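Asks: Handing over upload-v8.cif, mmCIF, C-alpha atoms and all ligand atoms.
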```
data_run
#
loop_
_atom_site.label_atom_id
_atom_site.label_comp_id
_atom_site.auth_asym_id
_atom_site.auth_seq_id
_atom_site.Cartn_x
_atom_site.Cartn_y
_atom_site.Cartn_z
CA MET G 25 -150.61 120.99 23.16
CA LYS G 26 -149.83 124.21 21.35
CA LYS G 27 -146.09 123.59 21.40
CA THR G 28 -144.17 120.35 21.45
CA ILE G 29 -142.62 119.10 24.68
CA ALA G 30 -139.18 119.93 23.28
CA GLU G 31 -140.29 123.49 22.49
CA HIS G 32 -141.67 124.00 26.01
CA ALA G 33 -138.48 122.52 27.48
CA ALA G 34 -136.25 124.82 25.40
CA ARG G 35 -138.38 127.87 26.27
CA PHE G 36 -138.16 127.19 30.00
CA SER G 37 -134.47 126.27 29.90
CA ALA G 38 -133.72 129.60 28.21
CA ALA G 39 -135.60 131.48 30.96
CA ALA G 40 -134.52 129.32 33.91
CA GLY G 41 -131.98 131.85 35.23
CA GLU G 42 -134.63 134.55 35.69
CA TYR G 43 -137.62 132.31 36.36
CA ASP G 44 -137.73 132.68 40.16
CA ASP G 45 -137.32 136.46 40.05
CA ASP G 46 -140.24 136.71 37.61
CA GLN G 47 -142.69 134.72 39.78
CA ASN G 48 -143.72 137.62 41.96
CA SER G 49 -147.40 137.97 41.13
CA GLU G 50 -149.87 137.82 43.99
CA GLU G 51 -151.75 135.06 42.18
CA TYR G 52 -148.68 132.86 41.65
CA GLU G 53 -147.67 133.20 45.29
CA ALA G 54 -151.18 132.50 46.54
CA CYS G 55 -151.53 129.48 44.26
CA ALA G 56 -148.15 128.01 45.23
CA GLY G 57 -148.89 128.59 48.91
CA LEU G 58 -152.22 126.81 48.61
CA VAL G 59 -150.70 123.84 46.76
CA VAL G 60 -148.20 123.42 49.59
CA ARG G 61 -150.91 123.77 52.25
CA ARG G 62 -153.37 121.39 50.57
CA ALA G 63 -150.68 118.78 49.83
CA ALA G 64 -150.06 118.42 53.59
CA PRO G 65 -147.87 115.29 53.39
CA ASN G 66 -147.12 113.39 56.55
CA GLY G 67 -143.59 112.49 57.54
CA THR G 68 -143.67 109.09 55.86
CA ASP G 69 -145.09 110.24 52.52
CA THR G 70 -143.29 110.48 49.21
CA VAL G 71 -144.45 113.47 47.17
CA LEU G 72 -144.14 113.50 43.38
CA ASP G 73 -144.11 117.08 42.03
CA LEU G 74 -144.71 117.24 38.27
CA GLY G 75 -143.72 120.19 36.11
CA THR G 76 -141.55 120.99 39.13
CA GLY G 77 -139.58 123.74 37.38
CA THR G 78 -137.03 125.26 39.75
CA GLY G 79 -138.55 123.26 42.60
CA ALA G 80 -140.76 125.86 44.32
CA ILE G 81 -143.27 123.29 45.53
CA ALA G 82 -140.88 120.35 45.90
CA LEU G 83 -138.47 122.28 48.12
CA ALA G 84 -141.27 123.82 50.18
CA LEU G 85 -142.64 120.34 50.95
CA ALA G 86 -139.33 118.63 51.67
CA GLY G 87 -139.41 119.42 55.38
CA ASP G 88 -142.79 117.75 55.84
CA ALA G 89 -142.35 114.64 53.67
CA GLU G 90 -140.03 111.68 53.83
CA ARG G 91 -138.99 112.22 50.25
CA VAL G 92 -139.87 114.52 47.37
CA VAL G 93 -139.34 113.62 43.72
CA GLY G 94 -139.49 116.44 41.16
CA ARG G 95 -139.98 115.82 37.47
CA ASP G 96 -139.79 118.26 34.56
CA VAL G 97 -138.89 118.28 30.87
CA SER G 98 -136.55 121.28 31.07
CA ASP G 99 -132.92 120.54 31.92
CA GLY G 100 -132.29 124.21 32.69
CA MET G 101 -135.13 124.37 35.24
CA LEU G 102 -134.02 121.06 36.79
CA GLU G 103 -130.47 122.32 37.12
CA ARG G 104 -131.73 125.38 39.01
CA ALA G 105 -133.85 123.16 41.26
CA ARG G 106 -130.84 120.97 42.10
CA GLY G 107 -128.74 124.06 42.83
CA LYS G 108 -131.39 125.45 45.19
CA ALA G 109 -131.65 122.11 47.02
CA ALA G 110 -127.85 122.00 47.45
CA ASP G 111 -127.71 125.63 48.65
CA ALA G 112 -130.39 124.90 51.23
CA ASP G 113 -128.83 121.56 52.29
CA ILE G 114 -132.04 119.73 51.44
CA GLU G 115 -131.13 116.10 50.90
CA ASN G 116 -134.48 114.31 50.62
CA VAL G 117 -135.37 115.74 47.19
CA GLU G 118 -134.44 114.29 43.83
CA PHE G 119 -134.96 116.04 40.50
CA GLY G 120 -134.97 114.41 37.09
CA TYR G 121 -136.51 114.30 33.64
CA GLY G 122 -140.16 113.29 33.40
CA GLU G 123 -143.22 114.30 31.41
CA PHE G 124 -146.74 114.60 32.80
CA ARG G 125 -147.91 111.48 30.99
CA GLU G 126 -144.61 109.63 31.46
CA PRO G 127 -143.18 110.79 34.77
CA GLU G 128 -140.29 108.29 34.56
CA TYR G 129 -140.85 107.38 38.20
CA GLY G 130 -141.61 103.84 39.31
CA GLY G 131 -141.62 104.26 43.08
CA GLU G 132 -144.38 105.01 45.53
CA ALA G 133 -146.08 108.39 45.72
CA GLN G 134 -148.70 109.04 48.36
CA VAL G 135 -149.15 112.65 47.25
CA VAL G 136 -148.85 114.16 43.77
CA THR G 137 -148.58 117.90 43.23
CA SER G 138 -148.33 120.14 40.19
CA ASN G 139 -148.28 123.92 40.11
CA PHE G 140 -148.69 126.29 37.16
CA ALA G 141 -147.65 123.74 34.56
CA LEU G 142 -150.41 121.40 33.34
CA HIS G 143 -152.02 124.17 31.25
CA HIS G 144 -149.32 123.54 28.65
CA LEU G 145 -151.21 120.41 27.63
CA ALA G 146 -154.42 120.25 25.60
CA ASP G 147 -157.53 119.04 27.47
CA GLY G 148 -157.32 115.45 26.15
CA GLU G 149 -153.68 115.35 27.18
CA LYS G 150 -154.54 116.69 30.63
CA ARG G 151 -157.03 113.85 30.99
CA GLU G 152 -154.32 111.33 30.04
CA ALA G 153 -151.92 112.95 32.51
CA ILE G 154 -154.38 112.78 35.41
CA GLY G 155 -155.13 109.15 34.48
CA THR G 156 -151.39 108.41 34.58
CA TRP G 157 -151.02 109.98 38.04
CA ALA G 158 -154.02 108.03 39.32
CA ALA G 159 -152.38 104.76 38.22
CA LEU G 160 -149.11 105.39 40.13
CA ASP G 161 -148.18 103.21 43.08
CA GLY G 162 -149.82 104.87 46.06
CA GLY G 163 -147.84 102.77 48.48
CA GLY G 164 -150.74 101.01 50.17
CA THR G 165 -150.90 97.35 51.05
CA PRO G 166 -149.62 95.26 48.09
CA GLY G 167 -152.39 93.22 46.49
CA ARG G 168 -155.14 95.37 47.97
CA SER G 169 -157.04 98.06 46.13
CA ASP G 170 -155.50 100.71 48.34
CA SER G 171 -152.07 100.07 46.79
CA VAL G 172 -153.21 101.75 43.57
CA GLY G 173 -153.16 105.48 43.27
CA PRO G 174 -151.72 108.30 45.34
CA ARG G 175 -153.88 109.27 48.32
CA ARG G 176 -154.08 112.90 47.26
CA ILE G 177 -153.47 114.94 44.13
CA VAL G 178 -153.20 118.72 44.32
CA LEU G 179 -153.30 120.70 41.10
CA GLY G 180 -152.67 124.44 41.13
CA ASP G 181 -152.85 126.05 37.73
CA VAL G 182 -154.35 128.51 35.33
CA MET G 183 -157.97 127.34 35.06
CA PHE G 184 -161.16 129.12 34.11
CA PHE G 185 -163.88 129.71 36.70
CA GLY G 186 -166.00 131.53 34.10
CA GLU G 187 -165.48 133.17 30.73
CA PRO G 188 -161.89 134.49 30.74
CA ASP G 189 -161.61 138.24 30.22
CA PRO G 190 -159.90 138.54 26.80
CA GLU G 191 -158.48 141.91 27.90
CA GLU G 192 -156.69 140.32 30.84
CA PRO G 193 -155.58 136.82 30.00
CA PHE G 194 -153.61 135.30 32.85
CA TYR G 195 -151.83 133.12 30.32
CA SER G 196 -150.24 133.33 26.88
CA PRO G 197 -152.79 132.11 24.34
CA GLU G 198 -150.03 131.26 21.86
CA VAL G 199 -148.36 128.72 24.18
CA ASP G 200 -150.91 127.89 26.90
CA ASP G 201 -154.16 125.95 26.81
CA PRO G 202 -155.95 126.23 30.16
CA ALA G 203 -159.06 124.16 30.91
CA THR G 204 -162.22 125.09 32.74
CA VAL G 205 -162.49 124.03 36.38
CA GLY G 206 -165.40 121.78 35.40
CA THR G 207 -163.34 119.92 32.81
CA LEU G 208 -160.53 119.30 35.31
CA VAL G 209 -162.96 118.15 38.00
CA ASP G 210 -164.44 115.69 35.48
CA HIS G 211 -160.95 114.36 34.70
CA PHE G 212 -160.31 113.71 38.40
CA THR G 213 -163.69 112.11 38.93
CA ASP G 214 -163.23 109.85 35.91
CA ALA G 215 -159.81 108.80 37.27
CA GLY G 216 -161.40 107.62 40.54
CA TYR G 217 -160.84 110.68 42.71
CA ALA G 218 -163.22 112.83 44.74
CA VAL G 219 -162.59 116.54 44.44
CA THR G 220 -162.70 117.70 48.05
CA GLN G 221 -161.71 121.32 47.63
CA VAL G 222 -161.56 123.92 44.89
CA ASP G 223 -159.76 127.14 45.85
CA ARG G 224 -160.37 130.11 43.58
CA VAL G 225 -157.36 132.41 43.60
CA HIS G 226 -158.45 134.49 40.60
CA ASP G 227 -161.01 134.10 37.79
CA GLN G 228 -158.28 132.26 35.89
CA VAL G 229 -156.22 130.64 38.66
CA GLY G 230 -157.20 127.94 41.12
CA VAL G 231 -156.20 124.91 43.13
CA ILE G 232 -158.01 121.57 42.97
CA THR G 233 -157.52 119.03 45.74
CA ALA G 234 -158.60 115.48 44.93
CA GLU G 235 -158.58 112.45 47.22
CA ARG G 236 -158.54 108.85 46.07
CA VAL G 237 -161.84 107.12 46.44
CA VAL G 238 -161.51 103.69 48.08
CA SER G 239 -164.31 101.20 48.52
CA GLY G 240 -166.31 102.18 51.55
CA GLY G 241 -165.53 105.89 51.13
CA ARG G 242 -162.68 108.31 50.98
CA GLU G 243 -159.39 107.36 52.57
CA SER G 244 -158.67 109.32 55.73
C1 LIG I 1 -144.55 127.87 34.80
S1 LIG I 1 -143.42 126.58 35.20
C2 LIG I 1 -143.95 126.08 36.81
C3 LIG I 1 -142.83 125.52 37.62
C4 LIG I 1 -143.13 125.21 39.09
N1 LIG I 1 -144.10 124.16 39.23
C5 LIG I 1 -143.58 126.43 39.84
O1 LIG I 1 -144.62 126.40 40.51
O2 LIG I 1 -142.85 127.45 39.83
C6 LIG I 1 -143.98 125.26 34.15
C7 LIG I 1 -143.03 124.07 34.13
O3 LIG I 1 -143.70 123.01 33.44
C8 LIG I 1 -142.72 122.31 32.69
N2 LIG I 1 -143.41 121.55 31.64
C9 LIG I 1 -143.97 122.00 30.48
N3 LIG I 1 -144.50 121.00 29.80
C10 LIG I 1 -144.28 119.87 30.53
C11 LIG I 1 -144.59 118.50 30.34
N4 LIG I 1 -145.26 118.09 29.25
N5 LIG I 1 -144.23 117.61 31.29
C12 LIG I 1 -143.56 118.02 32.40
N6 LIG I 1 -143.22 119.31 32.64
C13 LIG I 1 -143.57 120.23 31.71
C14 LIG I 1 -141.80 123.40 32.17
O4 LIG I 1 -140.56 122.91 31.77
C15 LIG I 1 -141.74 124.33 33.39
O5 LIG I 1 -140.63 124.03 34.21
#
```
Could I get this structure in the form of structure tokens?
Ligand SMILES: C[S@@+](CC[C@H](N)C(=O)[O-])C[C@H]1O[C@@H](n2cnc3c(N)ncnc32)[C@H](O)[C@@H]1O
Replies:
Amino acid sequence: MKKTIAEHAARFSAAAGEYDDDQNSEEYEACAGLVVRRAAPNGTDTVLDLGTGTGAIALALAGDAERVVGRDVSDGMLERARGKAADADIENVEFGYGEFREPEYGGEAQVVTSNFALHHLADGEKREAIGTWAALDGGGTPGRSDSVGPRRIVLGDVMFFGEPDPEEPFYSPEVDDPATVGTLVDHFTDAGYAVTQVDRVHDQVGVITAERVVSGGRES
């Protein structure tokens, strides 16, 4: 982590008022759209959206899920997310404080999403975060192996498909610490997930979809 959690939180809270207006790049929109499409919750699923910011992904998924829980470390971003939910009369979303490695959420989550946020952590911290998500209550049958772990995790983020072009970084090297796609895929595999799809949006932006591996194969 190049900045502390408190520094990231303060930085995003200060920019929360303009955040949505600034997210107009083709790559951001494509990435967010893919995260929503790949998450594909069913009507009984709870979705946990981490690094939820002003709720772009959480609010987009609310109509398809039973419940959406958004977690972030920035009070300013969370306040905007709550305001947007109220303006849109969306009642099945809940936003609150939570960090990637301590989401402060003890309920079930069948689907976990995160968009454009995990790159704030160093690679070892990303590994810990993915391990934490994999250990959440996936809402399966209590006492059986399928109760452990969300069914699907969808990670959209800055990630390197090759050597990043130093002339055109899609990130701020002073605050961001993106991983290679290979490193992230390894983290998912080590956490007990099969990576079923990698969408390349840009040399430095992609979406990884991972499904929980259960004995006898992938869960359908
Ligand atoms: C670029 S914004 C992305 C917000 C949203 N997911 C989107 O797609 O628009 C990154 C968000 O990650 C949050 N964040 C940074 N570090 C975090 C951490 N360690 N745990 C949880 N959220 C974090 C920031 O507060 C910010 O709201």
Asks: Name the residues in contact with region 114-130 of chain G at a cut-off of 9 Å, using only C-alpha atoms, excluding same-chain residues fewer than 2 positions from it; report them as a PyMOL selection string.
Replies: chain G and resi 29+72+74-76+79+82-83+86-87+89-99+102-103+105-106+108-112+132+142+145+149-150+152-157+160-161
Asks: Compile the contact shell of Arg175 (chain G) as a list in words: residues with an atom at most 6 Å away, counting all atoms listed in the file, same-chain residues fewer than 2 positions apart removed.
Replies: Gln134, Val135, Glu235 and Arg236 of chain G
Asks: Find the spatial neighbours of Gly162 (chain G), counting all atoms listed in the file, within a cut-off of 6 Å - ignore same-chain residues fewer than 3 positions away - and output them as an mmCIF file with C-alpha atoms, in the frame of the given file.
Replies:
```cif
data_model
loop_
_atom_site.group_PDB
_atom_site.id
_atom_site.type_symbol
_atom_site.label_atom_id
_atom_site.label_comp_id
_atom_site.auth_asym_id
_atom_site.auth_seq_id
_atom_site.Cartn_x
_atom_site.Cartn_y
_atom_site.Cartn_z
ATOM 1 C CA GLU G 132 -144.380 105.010 45.530
ATOM 2 C CA ALA G 133 -146.080 108.390 45.720
ATOM 3 C CA GLN G 134 -148.700 109.040 48.360
ATOM 4 C CA SER G 171 -152.070 100.070 46.790
ATOM 5 C CA VAL G 172 -153.210 101.750 43.570
ATOM 6 C CA GLY G 173 -153.160 105.480 43.270
ATOM 7 C CA PRO G 174 -151.720 108.300 45.340
#
```
Asks: Give me the residues within 10 Å of Cys55 (chain G) as a list in words, counting only C-alpha atoms and dropping any in the same chain fewer than 3 places off.
Replies: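 Returned residues: Ser49, Glu50, Glu51, Tyr52, Leu58, Val59, Val60, Arg61, Asn139, Phe140, Leu179, Gly180, Asp181, Val182, Asp223, Arg224, Val225, His226, Val229, Gly230 and Val231 of chain G.
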Asks: Just how far from CA of Asp46 (chain G) is atom C5 of ligand LIG 1 (chain I), in Å to one decimal?
Replies: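 Computing the Euclidean distance for atom C5 of ligand LIG 1 (chain I) and CA of Asp46 (chain G) yields 11.0 Å.
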Asks: So, with only C-alpha atoms and all ligand atoms as the atoms that count, which of G:Thr68, G:Asn48, G:Thr220, G:Ser37 lies closest to ligand LIG 1 (chain I)?
Replies: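 The shortest atom-to-atom distance to ligand LIG 1 (chain I) comes from G:Ser37.
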Asks: I'd like the box whose edges run along x, y and z of the file and which contains every listed atom of ligand LIG 1 (chain I), padded by 5 Å per side; could you state its centre and edge lengths in Å, one decimal, as JSON?
Replies:
```
{"center_x": -142.9, "center_y": 122.7, "center_z": 34.9, "size_x": 14.7, "size_y": 20.3, "size_z": 21.3}
```
Asks: Give me the residues within 7 Å of Val205 (chain G) as an MDAnalysis selection string, counting all atoms listed in the file and dropping any in the same chain fewer than 5 places off.
Replies: chainID G and resid 183:185
Asks: With all atoms listed in the file as the atoms that count, which of G:Val237, G:Met101, G:Ile232, G:Leu208 lies nearest to Ala56 (chain G)?
Replies: G:Ile232
Asks: State, in Å with one decimal place, the distance from CA of Thr78 (chain G) to CA of Pro65 (chain G).
Replies: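 It comes out at 20.1 Å.
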Asks: Between G:Asp45, G:Asp201, G:Thr137, G:Gly163, which residue has the minimum interatomic distance to Asp69 (chain G), considering only C-alpha atoms?
Replies: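 Ranked by minimum distance to Asp69 (chain G), first place goes to G:Gly163.
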Asks: Between CA of Tyr43 (chain G) and atom C8 of ligand LIG 1 (chain I), measure the distance and give it in Å to one decimal.
Replies: 11.8 Å
Asks: Just checking: using all atoms listed in the file, which residue out of G:Asp189, G:Asp147, G:Glu42, G:Asp227 ends up closest to Asp210 (chain G)?
Replies: G:Asp147
Asks: Closest to ligand LIG 1 (chain I) among G:Arg151, G:His144, G:His211, G:Lys27, using all atoms listed in the file?
Replies: G:His144
Asks: May I ask which of the residues G:Gly206, G:Gln228, G:Ala33, G:Gly216 is the closest one to Glu192 (chain G), counting only C-alpha atoms?
Replies: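 Result for the nearest residue to Glu192 (chain G): G:Gln228.
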